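Below: the structure, in structure tokens.
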Amino acid sequence: MSEGTVKKFMFVNRKAPYGTIYALESLEVVLITAAFDQDVSLVFMDDGVFQLKKGQQTKGIENKNFSPTYRALDGYDIEKLYVEEEALAARGLTEDDLLVDVTVMSRAELGKLMDEMDVVLSF
Amino acid sequence: MLHIVNKSSPDRNTLDSCLRVANGGTILLIEDAVYAATRGNEEEGKLRDALSRFKVYVLAPDLEARGMADRIMEGVTTVDYGGFVDLVTEHKNCQSWL
């Protein structure tokens with residue numbers, strides 16, 4: 001893999017967890033991409049910010065609680081997590097409500113970052 | 001009538017449609033719709049206004065799964081799955097706003 005090309009991948013997460021399969025599927029593809037030593041950025045915008053909410057307890061809905069996985073991303077050298085500032089505010093959330101360290105960015109800044117990517121995948 | 005809403009309000013317009021069309025009765029928020037019943041979200045006023053026309057319930061396991069159980073809006077009642085079944089049987093008919 002050392003000879004391979006490294007591309008800049010961005011995963012755009014816009015859905016709340018559990019109600020649809022998107023959040024979990026995104027996480028699966030993120031881990032696969034990291035295994036190929038690519039430059040991975042994760043963006044959480046709109047309802048996607050809910051994926052990082054602390055205190056998720058899924059026993060009642062009998063679903064796997066995949067939220068601890070976001071804390072493990074660090075171990076796969078995925079450290080670029082960006083959260084939309086406006087989306088947090090609109091949902092009454094602050095950075096303290098999130099279960100992992102992130103960089104909070106405005107929509108405008110996220111747009112610029114998106115322009116710099118080679119591949120953008122939307123979930 | 002029992003109105004069941006399961007989509008996130010900022011993401012989809014199902015709760016808006018429900019509130020616009022329904023004259024009154026009961027609303028049960030499940031799955032991603034539970035976020036609408038939480039304090040601090042910018043559309044909080046919409047559901048708060050509806051409380052004068054509707055009895056509003058929210059499914060507790062869905063709130064807990066999303067880490068939002070500690071910020072439920074005042075005036076909204078939580079139910080478990082048994083309570084969900086009771087609501088369905090207590091009402092003459094129901095409409096799922098998919």
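Please note that chains go A, B, ... in the order of the structure tokens, that every chain numbers its residues from 1, and that ligands are numbered from 1 in the order shown.
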Distance limit 7 Å, atoms considered: only C-alpha atoms. Which chain A residues sit that close to chain B? Return them as a PyMOL selection string. chain A and resi 16+19+53-58+60-61+90-92
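Within 9 Å of Glu74 (chain B), once only C-alpha atoms are used and residues closer than 2 positions along the same chain are dropped, the contacting residues are Ala37, Thr38, Arg39, Arg48, Ile72, Val76 and Thr77 of chain B.
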Residues as selected, C-alpha atoms, written as a PDB file, in the first residue's frame, can you do that?
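Okay, this is what ended up in out_29.pdb:
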ATOM      1  CA  ALA B  37     -40.224  16.997  21.477  1.00  0.00           C
ATOM      2  CA  THR B  38     -36.914  18.164  22.930  1.00  0.00           C
ATOM      3  CA  ARG B  39     -36.060  21.486  24.554  1.00  0.00           C
ATOM      4  CA  ARG B  48     -45.419  23.839  21.901  1.00  0.00           C
ATOM      5  CA  ILE B  72     -38.000  16.275  26.876  1.00  0.00           C
ATOM      6  CA  VAL B  76     -45.272  16.035  26.369  1.00  0.00           C
ATOM      7  CA  THR B  77     -45.892  12.566  27.860  1.00  0.00           C
TER       8      THR B  77
END
As a ChimeraX atom specification, please: every residue in region 7-115 of chain A that DSSP puts in helix (DSSP H, G or I). /A:22-35,46-52,59-61,68-76,85-90,95-97,107-115
Expected file contents, prior selection, N, CA and C atoms, as a compact mmCIF listing (two decimals), in the first residue's frame:
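Dumped to out.txt:
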# COMPACT_ATOMS: atom_id res chain seq x y z
N TYR A 22 -28.35 5.01 7.29
CA TYR A 22 -27.25 5.80 6.73
C TYR A 22 -26.06 5.99 7.68
N ALA A 23 -26.33 6.34 8.93
CA ALA A 23 -25.25 6.64 9.87
C ALA A 23 -24.35 5.43 10.06
N LEU A 24 -24.96 4.27 10.25
CA LEU A 24 -24.19 3.04 10.46
C LEU A 24 -23.41 2.66 9.19
N GLU A 25 -24.07 2.77 8.04
CA GLU A 25 -23.41 2.42 6.78
C GLU A 25 -22.21 3.33 6.52
N SER A 26 -22.36 4.60 6.82
CA SER A 26 -21.27 5.55 6.65
C SER A 26 -20.06 5.12 7.47
N LEU A 27 -20.33 4.77 8.71
CA LEU A 27 -19.27 4.35 9.63
C LEU A 27 -18.52 3.13 9.08
N GLU A 28 -19.26 2.19 8.51
CA GLU A 28 -18.64 0.99 7.93
C GLU A 28 -17.69 1.38 6.79
N VAL A 29 -18.15 2.26 5.90
CA VAL A 29 -17.34 2.64 4.74
C VAL A 29 -16.13 3.48 5.18
N VAL A 30 -16.33 4.29 6.20
CA VAL A 30 -15.22 5.09 6.74
C VAL A 30 -14.09 4.17 7.21
N LEU A 31 -14.44 3.12 7.92
CA LEU A 31 -13.44 2.20 8.45
C LEU A 31 -12.73 1.45 7.31
N ILE A 32 -13.47 1.10 6.27
CA ILE A 32 -12.87 0.43 5.11
C ILE A 32 -11.87 1.38 4.43
N THR A 33 -12.28 2.62 4.26
CA THR A 33 -11.42 3.60 3.59
C THR A 33 -10.12 3.81 4.37
N ALA A 34 -10.26 3.88 5.69
CA ALA A 34 -9.08 4.08 6.53
C ALA A 34 -8.12 2.90 6.41
N ALA A 35 -8.67 1.70 6.21
CA ALA A 35 -7.83 0.50 6.07
C ALA A 35 -6.96 0.59 4.83
N ASP A 46 -26.44 19.14 9.40
CA ASP A 46 -27.89 18.93 9.55
C ASP A 46 -28.15 17.91 10.67
N ASP A 47 -29.08 16.95 10.46
CA ASP A 47 -29.38 15.97 11.50
C ASP A 47 -28.22 15.04 11.81
N GLY A 48 -27.20 15.05 10.98
CA GLY A 48 -26.03 14.20 11.21
C GLY A 48 -25.33 14.50 12.52
N VAL A 49 -25.49 15.72 13.03
CA VAL A 49 -24.84 16.06 14.31
C VAL A 49 -25.37 15.19 15.45
N PHE A 50 -26.61 14.69 15.29
CA PHE A 50 -27.20 13.83 16.33
C PHE A 50 -26.44 12.51 16.48
N GLN A 51 -25.70 12.12 15.45
CA GLN A 51 -24.95 10.86 15.54
C GLN A 51 -23.93 10.91 16.67
N LEU A 52 -23.45 12.11 17.00
CA LEU A 52 -22.39 12.26 18.00
C LEU A 52 -22.92 12.62 19.37
N LYS A 59 -30.80 -0.05 24.30
CA LYS A 59 -31.36 -1.31 24.79
C LYS A 59 -32.85 -1.40 24.46
N GLY A 60 -33.55 -0.31 24.70
CA GLY A 60 -35.00 -0.27 24.50
C GLY A 60 -35.45 -0.53 23.07
N ILE A 61 -34.66 -0.08 22.11
CA ILE A 61 -35.06 -0.29 20.71
C ILE A 61 -34.38 -1.53 20.11
N PRO A 68 -20.21 4.41 20.43
CA PRO A 68 -18.83 4.34 20.94
C PRO A 68 -17.78 4.21 19.83
N THR A 69 -18.20 3.74 18.66
CA THR A 69 -17.25 3.58 17.54
C THR A 69 -16.62 4.91 17.14
N TYR A 70 -17.38 6.01 17.30
CA TYR A 70 -16.82 7.31 16.91
C TYR A 70 -15.59 7.65 17.76
N ARG A 71 -15.62 7.16 19.01
CA ARG A 71 -14.47 7.41 19.89
C ARG A 71 -13.28 6.55 19.51
N ALA A 72 -13.53 5.43 18.81
CA ALA A 72 -12.47 4.52 18.42
C ALA A 72 -11.80 4.92 17.11
N LEU A 73 -12.38 5.87 16.39
CA LEU A 73 -11.86 6.26 15.07
C LEU A 73 -10.42 6.74 15.14
N ASP A 74 -10.12 7.39 16.25
CA ASP A 74 -8.77 7.84 16.58
C ASP A 74 -7.74 6.73 16.35
N GLY A 75 -8.08 5.53 16.77
CA GLY A 75 -7.21 4.36 16.66
C GLY A 75 -6.96 3.93 15.22
N TYR A 76 -7.83 4.39 14.31
CA TYR A 76 -7.64 4.10 12.88
C TYR A 76 -7.05 5.32 12.16
N GLU A 85 -21.55 24.17 12.79
CA GLU A 85 -21.90 25.06 13.90
C GLU A 85 -23.40 25.39 13.91
N GLU A 86 -23.93 25.76 12.76
CA GLU A 86 -25.34 26.17 12.68
C GLU A 86 -26.28 25.01 12.99
N ALA A 87 -25.88 23.80 12.58
CA ALA A 87 -26.73 22.62 12.83
C ALA A 87 -26.82 22.32 14.32
N LEU A 88 -25.70 22.46 15.02
CA LEU A 88 -25.71 22.26 16.48
C LEU A 88 -26.66 23.24 17.14
N ALA A 89 -26.50 24.52 16.80
CA ALA A 89 -27.30 25.57 17.42
C ALA A 89 -28.79 25.36 17.18
N ALA A 90 -29.13 24.98 15.95
CA ALA A 90 -30.55 24.79 15.59
C ALA A 90 -31.19 23.66 16.39
N GLU A 95 -20.98 21.85 21.80
CA GLU A 95 -19.85 20.91 21.66
C GLU A 95 -19.78 19.97 22.87
N ASP A 96 -20.20 20.45 24.04
CA ASP A 96 -20.17 19.63 25.26
C ASP A 96 -21.12 18.44 25.19
N ASP A 97 -22.12 18.51 24.32
CA ASP A 97 -23.08 17.41 24.18
C ASP A 97 -22.55 16.27 23.31
N ARG A 107 -20.96 26.74 8.14
CA ARG A 107 -21.32 26.16 6.84
C ARG A 107 -20.38 26.63 5.75
N ALA A 108 -20.05 27.92 5.81
CA ALA A 108 -19.19 28.51 4.77
C ALA A 108 -17.81 27.85 4.79
N GLU A 109 -17.27 27.63 5.99
CA GLU A 109 -15.96 26.99 6.11
C GLU A 109 -16.01 25.54 5.61
N LEU A 110 -17.12 24.84 5.93
CA LEU A 110 -17.27 23.46 5.48
C LEU A 110 -17.31 23.39 3.96
N GLY A 111 -17.96 24.38 3.37
CA GLY A 111 -18.05 24.44 1.91
C GLY A 111 -16.68 24.55 1.27
N LYS A 112 -15.84 25.38 1.88
CA LYS A 112 -14.48 25.55 1.36
C LYS A 112 -13.70 24.25 1.47
N LEU A 113 -13.84 23.59 2.63
CA LEU A 113 -13.15 22.33 2.88
C LEU A 113 -13.57 21.28 1.84
N MET A 114 -14.87 21.26 1.54
CA MET A 114 -15.43 20.31 0.58
C MET A 114 -14.77 20.49 -0.80
N ASP A 115 -14.55 21.73 -1.16
CA ASP A 115 -13.92 22.03 -2.45
C ASP A 115 -12.52 21.43 -2.59
Atom pair CA of Ser122 (chain A) / CA of Val5 (chain B): separation (Å):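 Taking CA of Ser122 (chain A) as the start and CA of Val5 (chain B) as the end point, the length is 25.3 Å.
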Atom pair CA of Arg53 (chain B) / CA of His91 (chain B): separation (Å):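 So the two atoms, CA of Arg53 (chain B) and CA of His91 (chain B), lie 16.2 Å apart.
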If we count only C-alpha atoms, what is near Gly83 (chain B) at a cut-off of 12 Å, once residues fewer than 3 positions away on the same chain are taken out, given as a PyMOL selection string? chain B and resi 28+57-61+77-80+86-90
Kindly save the residues from that selection, with N, CA and C atoms included, as a PDB file, in the first residue's frame.
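Contents of result36.pdb, freshly written:
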ATOM      1  N   LEU B  28     -48.449  10.929  18.352  1.00  0.00           N
ATOM      2  CA  LEU B  28     -47.393  10.116  18.947  1.00  0.00           C
ATOM      3  C   LEU B  28     -46.132  10.266  18.086  1.00  0.00           C
ATOM      4  N   TYR B  57     -47.647  12.602  22.741  1.00  0.00           N
ATOM      5  CA  TYR B  57     -46.860  11.547  23.383  1.00  0.00           C
ATOM      6  C   TYR B  57     -45.568  11.322  22.599  1.00  0.00           C
ATOM      7  N   VAL B  58     -44.562  10.818  23.301  1.00  0.00           N
ATOM      8  CA  VAL B  58     -43.297  10.490  22.633  1.00  0.00           C
ATOM      9  C   VAL B  58     -42.836   9.121  23.137  1.00  0.00           C
ATOM     10  N   LEU B  59     -42.295   8.327  22.239  1.00  0.00           N
ATOM     11  CA  LEU B  59     -41.884   6.962  22.594  1.00  0.00           C
ATOM     12  C   LEU B  59     -40.524   6.984  23.314  1.00  0.00           C
ATOM     13  N   ALA B  60     -40.541   6.614  24.597  1.00  0.00           N
ATOM     14  CA  ALA B  60     -39.348   6.725  25.447  1.00  0.00           C
ATOM     15  C   ALA B  60     -38.131   5.946  24.929  1.00  0.00           C
ATOM     16  N   PRO B  61     -38.288   4.687  24.482  1.00  0.00           N
ATOM     17  CA  PRO B  61     -37.096   3.965  24.010  1.00  0.00           C
ATOM     18  C   PRO B  61     -36.384   4.687  22.849  1.00  0.00           C
ATOM     19  N   THR B  77     -45.887  13.759  27.007  1.00  0.00           N
ATOM     20  CA  THR B  77     -45.892  12.566  27.860  1.00  0.00           C
ATOM     21  C   THR B  77     -45.125  11.429  27.193  1.00  0.00           C
ATOM     22  N   THR B  78     -44.280  10.743  27.966  1.00  0.00           N
ATOM     23  CA  THR B  78     -43.567   9.590  27.400  1.00  0.00           C
ATOM     24  C   THR B  78     -44.414   8.322  27.546  1.00  0.00           C
ATOM     25  N   VAL B  79     -44.280   7.438  26.569  1.00  0.00           N
ATOM     26  CA  VAL B  79     -44.892   6.110  26.663  1.00  0.00           C
ATOM     27  C   VAL B  79     -43.862   5.058  26.290  1.00  0.00           C
ATOM     28  N   ASP B  80     -44.052   3.831  26.787  1.00  0.00           N
ATOM     29  CA  ASP B  80     -43.212   2.708  26.354  1.00  0.00           C
ATOM     30  C   ASP B  80     -43.977   1.955  25.256  1.00  0.00           C
ATOM     31  N   ASP B  86     -51.536   0.708  23.733  1.00  0.00           N
ATOM     32  CA  ASP B  86     -52.740   1.264  24.371  1.00  0.00           C
ATOM     33  C   ASP B  86     -53.289   2.429  23.554  1.00  0.00           C
ATOM     34  N   LEU B  87     -52.402   3.321  23.102  1.00  0.00           N
ATOM     35  CA  LEU B  87     -52.850   4.483  22.319  1.00  0.00           C
ATOM     36  C   LEU B  87     -53.562   4.042  21.041  1.00  0.00           C
ATOM     37  N   VAL B  88     -53.012   3.020  20.407  1.00  0.00           N
ATOM     38  CA  VAL B  88     -53.625   2.525  19.161  1.00  0.00           C
ATOM     39  C   VAL B  88     -55.014   1.953  19.438  1.00  0.00           C
ATOM     40  N   THR B  89     -55.135   1.205  20.538  1.00  0.00           N
ATOM     41  CA  THR B  89     -56.433   0.567  20.819  1.00  0.00           C
ATOM     42  C   THR B  89     -57.455   1.571  21.349  1.00  0.00           C
ATOM     43  N   GLU B  90     -56.985   2.612  22.013  1.00  0.00           N
ATOM     44  CA  GLU B  90     -57.904   3.606  22.581  1.00  0.00           C
ATOM     45  C   GLU B  90     -58.512   4.527  21.524  1.00  0.00           C
TER      46      GLU B  90
END
DSSP strand (DSSP E or B) residues within chain B, as a PyMOL selection string: chain B and resi 2-5+25-29+38+54-59+72+77-79+94-97
